[in-house]
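Accompanying notes for the structure given below.
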Amino acid sequence: MLGSENGQHMIRFDRVIKRFGDNVVLDELDFAVQPGERVTLIGPSGSGKTTILRLLMTLERVDGGRIHVGGECLTHVRRGERLVIADEKHLRTVRKRIGMVFQQFNLFPNMRVLRNVTEAPIHVLGQSPANAERRARELLEMVGLADKIDAYPTQLSGGQQQRVAIARALAMSPDVLLLDEITSALDPELAAEVLDVLRDLANTSDITMLCVTHAMKFARDVSDRVLMFDRGKIIEDKPPDELFERPEQERTRKFLRSVLEEA
């Protein structure tokens with residue numbers, strides 16, 4: 001399904017602009033992620049990292065430029081000879097290729113764990129309940145929660161809830177998994193549980209991952225590339241060992257010093 005216009009890019013931002021009032025959060029942003037690549041976005045709060053994920057999930061609209069997912073334009077559709085802003089039907093179609101795990105777990109509190117994972121595959125993808133349940137059980141076993149399928153979210157620890165959220169995102173069989181500071185609400189022990197699940201996922205699957213995190217060890221262990229953001233622009237884009245050991249920009253060095261001191 002990858003289009004020739006975008007080569008082999010799974011995600012491509014083409015001169016993307018995003019403003020909130022007079023504040024330019026993304027300033028003609030260009031970057032691409034290849035299929036199966038794991039890319040981590042780091043940088044200070046307010047640098048635009050989470051906005052990138054929200055644009056991909058169509059929770060925000062671009063003010064300029066285009067976004068492509070799997071060779072298909074997410075933000076625009078062609079009408080005759082013109083490209084026009086995508087309608088909701090088009091957004092829903094392309095968005096099915098993307099899964100996201102948020103900082104807050106966003107589980108349905110009135111549904112047991114198994115139904116939290118099967119609800120969207122049944123009602124959005126049209127899967128049969130039997131197939132959705134079989135896949136959900138596989139995923140819950142993968143994240144170490146096979147014994148919690150009948151529990152309600154309030155009966156789980158924060159780390160367990162986040163692992164359910166990962167299983168729920170994967171149940172939609174996305175090409176791309178977006179991860180937004182998913183351990184920020186957890187204490188270190190529970191965060192380690194979640195990061196171990198994601199390490200296993202990275203090592204055993206070919207899913208494309210785009211991650212925003214302040215967990216530098218995780219970024220170093222899992223990423224193919226790490227992008228340093230500052231004021232809506234990428235100021236460094238390197239393999240993790242190179243960026244962490246030999247950053248070129250003083251802004252990157254200062255940021256890394258601050259987050260590593262906090263760790």
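Ligands are numbered from 1 in the order shown, chains are lettered A, B, ... in the order of the structure tokens, and residues start at 1 in each chain.
Residues in contact range of Arg92 in chain A, defined as at most 12 Å between only C-alpha atoms, with sequence neighbours fewer than 6 positions away removed, read Leu56, Met57, Thr58, Leu59, Leu74, Thr75, Ala86, Ile98, Val124 and Leu125 of chain A.
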With a distance cut-off of 12 Å and only C-alpha atoms, select the neighbouring residues of Leu156 in chain A, excluding the residue or stretch itself and same-chain residues fewer than 5 positions from it, and output the selection as a ChimeraX atom specification.
-> /A:105,107,109,112-113,145,147-151,161-165,190
Would you mind exporting the chosen residues as a CSV table (one decimal), in the first residue's frame, restricted to all heavy atoms?
chain,number,residue,atom,x,y,z
A,105,PHE,N,-4.1,6.1,31.0
A,105,PHE,CA,-4.3,4.8,30.4
A,105,PHE,C,-5.6,4.8,29.5
A,105,PHE,O,-5.7,4.1,28.5
A,105,PHE,CB,-4.4,3.8,31.5
A,105,PHE,CG,-3.4,4.0,32.6
A,105,PHE,CD1,-3.8,4.1,33.9
A,105,PHE,CD2,-2.1,4.1,32.3
A,105,PHE,CE1,-2.9,4.4,34.9
A,105,PHE,CE2,-1.1,4.3,33.3
A,105,PHE,CZ,-1.5,4.5,34.6
A,107,LEU,N,-8.5,3.6,29.8
A,107,LEU,CA,-9.3,2.4,29.7
A,107,LEU,C,-10.7,2.7,30.1
A,107,LEU,O,-11.0,3.7,30.8
A,107,LEU,CB,-8.7,1.4,30.7
A,107,LEU,CG,-7.3,0.9,30.4
A,107,LEU,CD1,-6.8,-0.1,31.4
A,107,LEU,CD2,-7.1,0.4,29.0
A,109,PRO,N,-13.6,2.3,32.4
A,109,PRO,CA,-13.6,1.7,33.7
A,109,PRO,C,-14.7,0.8,34.0
A,109,PRO,O,-14.6,-0.1,34.9
A,109,PRO,CB,-13.8,3.0,34.6
A,109,PRO,CG,-14.4,4.0,33.7
A,109,PRO,CD,-13.8,3.7,32.3
A,112,ARG,N,-14.5,-4.9,31.7
A,112,ARG,CA,-13.4,-5.8,32.2
A,112,ARG,C,-12.2,-5.7,31.2
A,112,ARG,O,-12.4,-5.2,30.0
A,112,ARG,CB,-13.9,-7.2,32.3
A,112,ARG,CG,-15.0,-7.4,33.4
A,112,ARG,CD,-15.4,-8.8,33.5
A,112,ARG,NE,-16.6,-9.0,34.3
A,112,ARG,CZ,-16.6,-9.1,35.6
A,112,ARG,NH1,-15.5,-9.2,36.3
A,112,ARG,NH2,-17.8,-9.3,36.2
A,113,VAL,N,-11.1,-6.2,31.6
A,113,VAL,CA,-9.9,-6.1,30.7
A,113,VAL,C,-10.1,-6.7,29.3
A,113,VAL,O,-9.7,-6.0,28.3
A,113,VAL,CB,-8.7,-6.8,31.4
A,113,VAL,CG1,-7.5,-7.0,30.5
A,113,VAL,CG2,-8.2,-5.9,32.6
A,145,LEU,N,-0.5,-10.4,31.2
A,145,LEU,CA,-1.8,-10.2,32.0
A,145,LEU,C,-2.8,-11.2,31.6
A,145,LEU,O,-4.0,-10.9,31.7
A,145,LEU,CB,-2.3,-8.8,31.7
A,145,LEU,CG,-1.4,-7.7,32.2
A,145,LEU,CD1,-1.9,-6.3,31.7
A,145,LEU,CD2,-1.3,-7.7,33.7
A,147,ASP,N,-3.8,-13.6,33.3
A,147,ASP,CA,-4.6,-13.9,34.5
A,147,ASP,C,-5.5,-12.8,34.9
A,147,ASP,O,-6.2,-12.9,36.0
A,147,ASP,CB,-3.7,-14.3,35.6
A,147,ASP,CG,-2.7,-13.2,36.0
A,147,ASP,OD1,-2.4,-12.4,35.2
A,147,ASP,OD2,-2.3,-13.2,37.2
A,148,LYS,N,-5.5,-11.7,34.2
A,148,LYS,CA,-6.3,-10.5,34.6
A,148,LYS,C,-7.5,-10.2,33.6
A,148,LYS,O,-8.0,-9.1,33.7
A,148,LYS,CB,-5.4,-9.3,34.7
A,148,LYS,CG,-4.3,-9.4,35.7
A,148,LYS,CD,-4.8,-9.4,37.1
A,148,LYS,CE,-3.6,-9.4,38.1
A,148,LYS,NZ,-4.1,-9.5,39.5
A,149,ILE,N,-7.8,-11.1,32.8
A,149,ILE,CA,-8.8,-10.8,31.7
A,149,ILE,C,-10.2,-10.4,32.3
A,149,ILE,O,-10.9,-9.6,31.7
A,149,ILE,CB,-9.0,-11.9,30.7
A,149,ILE,CG1,-9.5,-13.2,31.4
A,149,ILE,CG2,-7.7,-12.1,29.9
A,149,ILE,CD1,-9.8,-14.3,30.4
A,150,ASP,N,-10.5,-10.9,33.5
A,150,ASP,CA,-11.8,-10.6,34.0
A,150,ASP,C,-11.8,-9.5,35.1
A,150,ASP,O,-12.8,-9.1,35.7
A,150,ASP,CB,-12.4,-11.9,34.7
A,150,ASP,CG,-12.8,-12.9,33.7
A,150,ASP,OD1,-13.2,-12.6,32.6
A,150,ASP,OD2,-12.6,-14.1,34.0
A,151,ALA,N,-10.6,-8.8,35.2
A,151,ALA,CA,-10.5,-7.7,36.2
A,151,ALA,C,-11.0,-6.4,35.6
A,151,ALA,O,-11.0,-6.3,34.3
A,151,ALA,CB,-9.1,-7.6,36.6
A,161,GLN,N,-2.4,-1.4,34.1
A,161,GLN,CA,-3.3,-0.7,33.2
A,161,GLN,C,-2.6,-0.3,31.9
A,161,GLN,O,-3.2,-0.3,30.9
A,161,GLN,CB,-3.9,0.5,34.0
A,161,GLN,CG,-4.9,0.1,35.1
A,161,GLN,CD,-5.5,1.3,35.7
A,161,GLN,OE1,-6.2,2.1,35.0
A,161,GLN,NE2,-5.3,1.5,37.0
A,162,GLN,N,-1.4,0.2,32.1
A,162,GLN,CA,-0.7,0.7,30.9
A,162,GLN,C,-0.4,-0.5,29.9
A,162,GLN,O,-0.4,-0.4,28.7
A,162,GLN,CB,0.6,1.4,31.3
A,162,GLN,CG,1.2,2.2,30.2
A,162,GLN,CD,0.3,3.3,29.6
A,162,GLN,OE1,-0.7,3.0,28.9
A,162,GLN,NE2,0.6,4.5,29.9
A,163,ARG,N,-0.1,-1.7,30.5
A,163,ARG,CA,0.1,-2.9,29.7
A,163,ARG,C,-1.2,-3.3,28.9
A,163,ARG,O,-1.2,-3.7,27.8
A,163,ARG,CB,0.7,-4.0,30.5
A,163,ARG,CG,2.2,-3.8,30.8
A,163,ARG,CD,2.8,-5.0,31.5
A,163,ARG,NE,2.5,-5.0,32.9
A,163,ARG,CZ,2.5,-6.1,33.7
A,163,ARG,NH1,2.6,-7.3,33.1
A,163,ARG,NH2,2.3,-5.9,35.0
A,164,VAL,N,-2.3,-3.1,29.6
A,164,VAL,CA,-3.6,-3.4,28.9
A,164,VAL,C,-3.8,-2.4,27.8
A,164,VAL,O,-4.2,-2.7,26.7
A,164,VAL,CB,-4.8,-3.2,29.9
A,164,VAL,CG1,-6.1,-3.3,29.1
A,164,VAL,CG2,-4.7,-4.3,31.0
A,165,ALA,N,-3.4,-1.1,28.0
A,165,ALA,CA,-3.5,-0.1,27.0
A,165,ALA,C,-2.6,-0.4,25.8
A,165,ALA,O,-3.0,-0.2,24.6
A,165,ALA,CB,-3.1,1.3,27.5
A,190,LEU,N,7.0,0.1,38.4
A,190,LEU,CA,6.0,-0.1,37.4
A,190,LEU,C,6.4,0.3,36.0
A,190,LEU,O,6.0,-0.3,35.0
A,190,LEU,CB,4.7,0.6,37.9
A,190,LEU,CG,4.1,0.1,39.2
A,190,LEU,CD1,2.8,0.9,39.5
A,190,LEU,CD2,3.8,-1.4,39.2
Counting only C-alpha atoms, what is within 9 Å of Cys211 in chain A, bar same-chain residues fewer than 6 positions away, as a compact mmCIF listing (two decimals) with all heavy atoms, in the first residue's frame?
# COMPACT_ATOMS: atom_id res chain seq x y z
N ARG A 38 12.30 2.31 14.70
CA ARG A 38 11.92 2.80 16.03
C ARG A 38 12.60 4.14 16.24
O ARG A 38 13.84 4.22 16.30
CB ARG A 38 12.36 1.82 17.12
CG ARG A 38 11.45 0.60 17.24
CD ARG A 38 11.61 -0.33 16.06
NE ARG A 38 10.52 -1.29 16.00
CZ ARG A 38 10.73 -2.60 15.94
NH1 ARG A 38 11.94 -3.09 15.94
NH2 ARG A 38 9.69 -3.41 15.85
N VAL A 39 11.80 5.18 16.33
CA VAL A 39 12.31 6.54 16.44
C VAL A 39 11.78 7.16 17.72
O VAL A 39 10.59 7.08 18.01
CB VAL A 39 11.90 7.39 15.22
CG1 VAL A 39 12.32 8.84 15.41
CG2 VAL A 39 12.53 6.82 13.94
N THR A 40 12.68 7.77 18.50
CA THR A 40 12.30 8.42 19.74
C THR A 40 12.52 9.91 19.63
O THR A 40 13.54 10.37 19.11
CB THR A 40 13.13 7.86 20.92
OG1 THR A 40 12.84 6.46 21.06
CG2 THR A 40 12.77 8.56 22.22
N LEU A 41 11.54 10.67 20.10
CA LEU A 41 11.60 12.13 20.11
C LEU A 41 11.90 12.59 21.53
O LEU A 41 11.20 12.21 22.47
CB LEU A 41 10.26 12.72 19.67
CG LEU A 41 9.60 12.11 18.42
CD1 LEU A 41 8.26 12.77 18.15
CD2 LEU A 41 10.51 12.23 17.22
N ILE A 42 12.97 13.38 21.69
CA ILE A 42 13.30 13.93 23.00
C ILE A 42 13.40 15.45 22.88
O ILE A 42 13.51 15.99 21.78
CB ILE A 42 14.61 13.34 23.56
CG1 ILE A 42 15.82 13.77 22.71
CG2 ILE A 42 14.52 11.83 23.67
CD1 ILE A 42 17.16 13.39 23.32
N LEU A 53 2.56 13.60 17.66
CA LEU A 53 1.71 12.43 17.84
C LEU A 53 0.24 12.80 17.71
O LEU A 53 -0.55 12.05 17.11
CB LEU A 53 1.97 11.79 19.21
CG LEU A 53 3.42 11.40 19.53
CD1 LEU A 53 3.46 10.60 20.84
CD2 LEU A 53 4.06 10.61 18.41
N LEU A 177 2.86 2.38 15.86
CA LEU A 177 2.48 2.52 17.27
C LEU A 177 3.10 3.79 17.81
O LEU A 177 4.33 3.97 17.77
CB LEU A 177 2.96 1.31 18.08
CG LEU A 177 2.55 1.27 19.56
CD1 LEU A 177 1.03 1.18 19.69
CD2 LEU A 177 3.22 0.11 20.28
N LEU A 178 2.25 4.69 18.33
CA LEU A 178 2.69 5.96 18.91
C LEU A 178 2.66 5.83 20.43
O LEU A 178 1.67 5.35 20.99
CB LEU A 178 1.78 7.10 18.48
CG LEU A 178 1.53 7.26 16.97
CD1 LEU A 178 0.56 8.40 16.72
CD2 LEU A 178 2.84 7.48 16.22
N LEU A 179 3.72 6.29 21.09
CA LEU A 179 3.85 6.16 22.54
C LEU A 179 4.16 7.53 23.12
O LEU A 179 5.21 8.10 22.82
CB LEU A 179 4.97 5.18 22.89
CG LEU A 179 4.87 3.79 22.23
CD1 LEU A 179 6.17 3.03 22.36
CD2 LEU A 179 3.73 3.00 22.84
N ASP A 180 3.25 8.04 23.94
CA ASP A 180 3.39 9.39 24.46
C ASP A 180 3.67 9.37 25.96
O ASP A 180 2.75 9.27 26.77
CB ASP A 180 2.12 10.21 24.18
CG ASP A 180 2.25 11.65 24.64
OD1 ASP A 180 3.39 12.13 24.80
OD2 ASP A 180 1.22 12.29 24.87
N GLU A 181 4.95 9.44 26.34
CA GLU A 181 5.34 9.52 27.75
C GLU A 181 4.58 8.50 28.59
O GLU A 181 4.01 8.83 29.64
CB GLU A 181 5.09 10.94 28.28
CG GLU A 181 5.95 12.01 27.65
CD GLU A 181 7.38 12.04 28.18
OE1 GLU A 181 7.81 11.06 28.81
OE2 GLU A 181 8.06 13.04 27.94
N ILE A 182 4.59 7.26 28.13
CA ILE A 182 3.66 6.29 28.72
C ILE A 182 4.06 5.83 30.10
O ILE A 182 3.28 5.13 30.76
CB ILE A 182 3.44 5.08 27.80
CG1 ILE A 182 4.75 4.32 27.61
CG2 ILE A 182 2.86 5.52 26.47
CD1 ILE A 182 4.54 2.99 26.94
N ALA A 219 15.09 4.88 25.53
CA ALA A 219 15.34 5.46 24.21
C ALA A 219 16.63 4.90 23.62
O ALA A 219 16.70 4.58 22.42
CB ALA A 219 15.43 6.98 24.30
N SER A 223 15.74 2.43 20.38
CA SER A 223 15.61 3.28 19.19
C SER A 223 16.65 2.96 18.12
O SER A 223 17.79 2.63 18.41
CB SER A 223 15.78 4.76 19.59
OG SER A 223 14.91 5.10 20.63
DSSP says helix (DSSP H, G or I) for which residues of range 82-240 of chain A? Put them as an MDAnalysis selection string?
-> chainID A and resid 88:95 113:123 129:142 146:148 153:155 158:170 188:204 216:222 240
List the neighbours of Leu55 in chain A out to 12 Å using only C-alpha atoms; skip same-chain residues closer than 4 positions along the sequence, and give me the result as a ChimeraX atom specification.
-> /A:11-13,16-19,25-26,48-51,59-69,74-75,91,95,98,100,178
Would you please give, as a list in words, all residues of range 103-184 of chain A that DSSP assigns to strand (DSSP E) based on the backbone?
-> Val176, Leu177, Leu178, Leu179 and Asp180 of chain A
Residues from last step as file, N, CA and C atoms, as a short mmCIF file (atom, residue, chain, number, x, y, z; two decimals), in the first residue's frame:
data_model
loop_
_atom_site.label_atom_id
_atom_site.label_comp_id
_atom_site.auth_asym_id
_atom_site.auth_seq_id
_atom_site.Cartn_x
_atom_site.Cartn_y
_atom_site.Cartn_z
N VAL A 176 1.69 1.45 12.69
CA VAL A 176 2.48 2.40 13.47
C VAL A 176 1.95 2.42 14.89
N LEU A 177 2.86 2.38 15.86
CA LEU A 177 2.48 2.52 17.27
C LEU A 177 3.10 3.79 17.81
N LEU A 178 2.25 4.69 18.33
CA LEU A 178 2.69 5.96 18.91
C LEU A 178 2.66 5.83 20.43
N LEU A 179 3.72 6.29 21.09
CA LEU A 179 3.85 6.16 22.54
C LEU A 179 4.16 7.53 23.12
N ASP A 180 3.25 8.04 23.94
CA ASP A 180 3.39 9.39 24.46
C ASP A 180 3.67 9.37 25.96
#
Would you kindly return, as an MDAnalysis selection string, each protein, DNA or RNA residue with an atom no farther than 8 Å from any atom of Ala171 in chain A, considering only C-alpha atoms and excluding same-chain residues fewer than 4 positions away?
-> chainID A and resid 117:118 121 132 135:136 139 167
Interatomic distance, CA of Asn106 in chain A to CA of Ile52 in chain A (Å, one decimal) =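 Taking CA of Asn106 in chain A as the start and CA of Ile52 in chain A as the end point, the length is 19.5 Å.
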Distance criterion (only C-alpha atoms): nearest to Asp30 in chain A out of A:Asp237, A:Glu119, A:Glu88, A:Glu250 |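 Checking each of A:Asp237, A:Glu119, A:Glu88, A:Glu250 against Asp30 in chain A, counting only C-alpha atoms, the winner is A:Asp237.
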Between A:Met172, A:Val226, A:Leu256, A:Val143, single out the one closest to Glu242 in chain A, counting only C-alpha atoms.
->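 The shortest atom-to-atom distance to Glu242 in chain A comes from A:Val226.
Checking A:Gly46, A:Gly158, A:Pro247, A:Gly80 one by one against Phe20 in chain A, counting only C-alpha atoms, you find the shortest gap at A:Gly46.
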Do you have the CA of Lys217 in chain A-CA of Val33 in chain A distance handy?
-> 20.9 Å
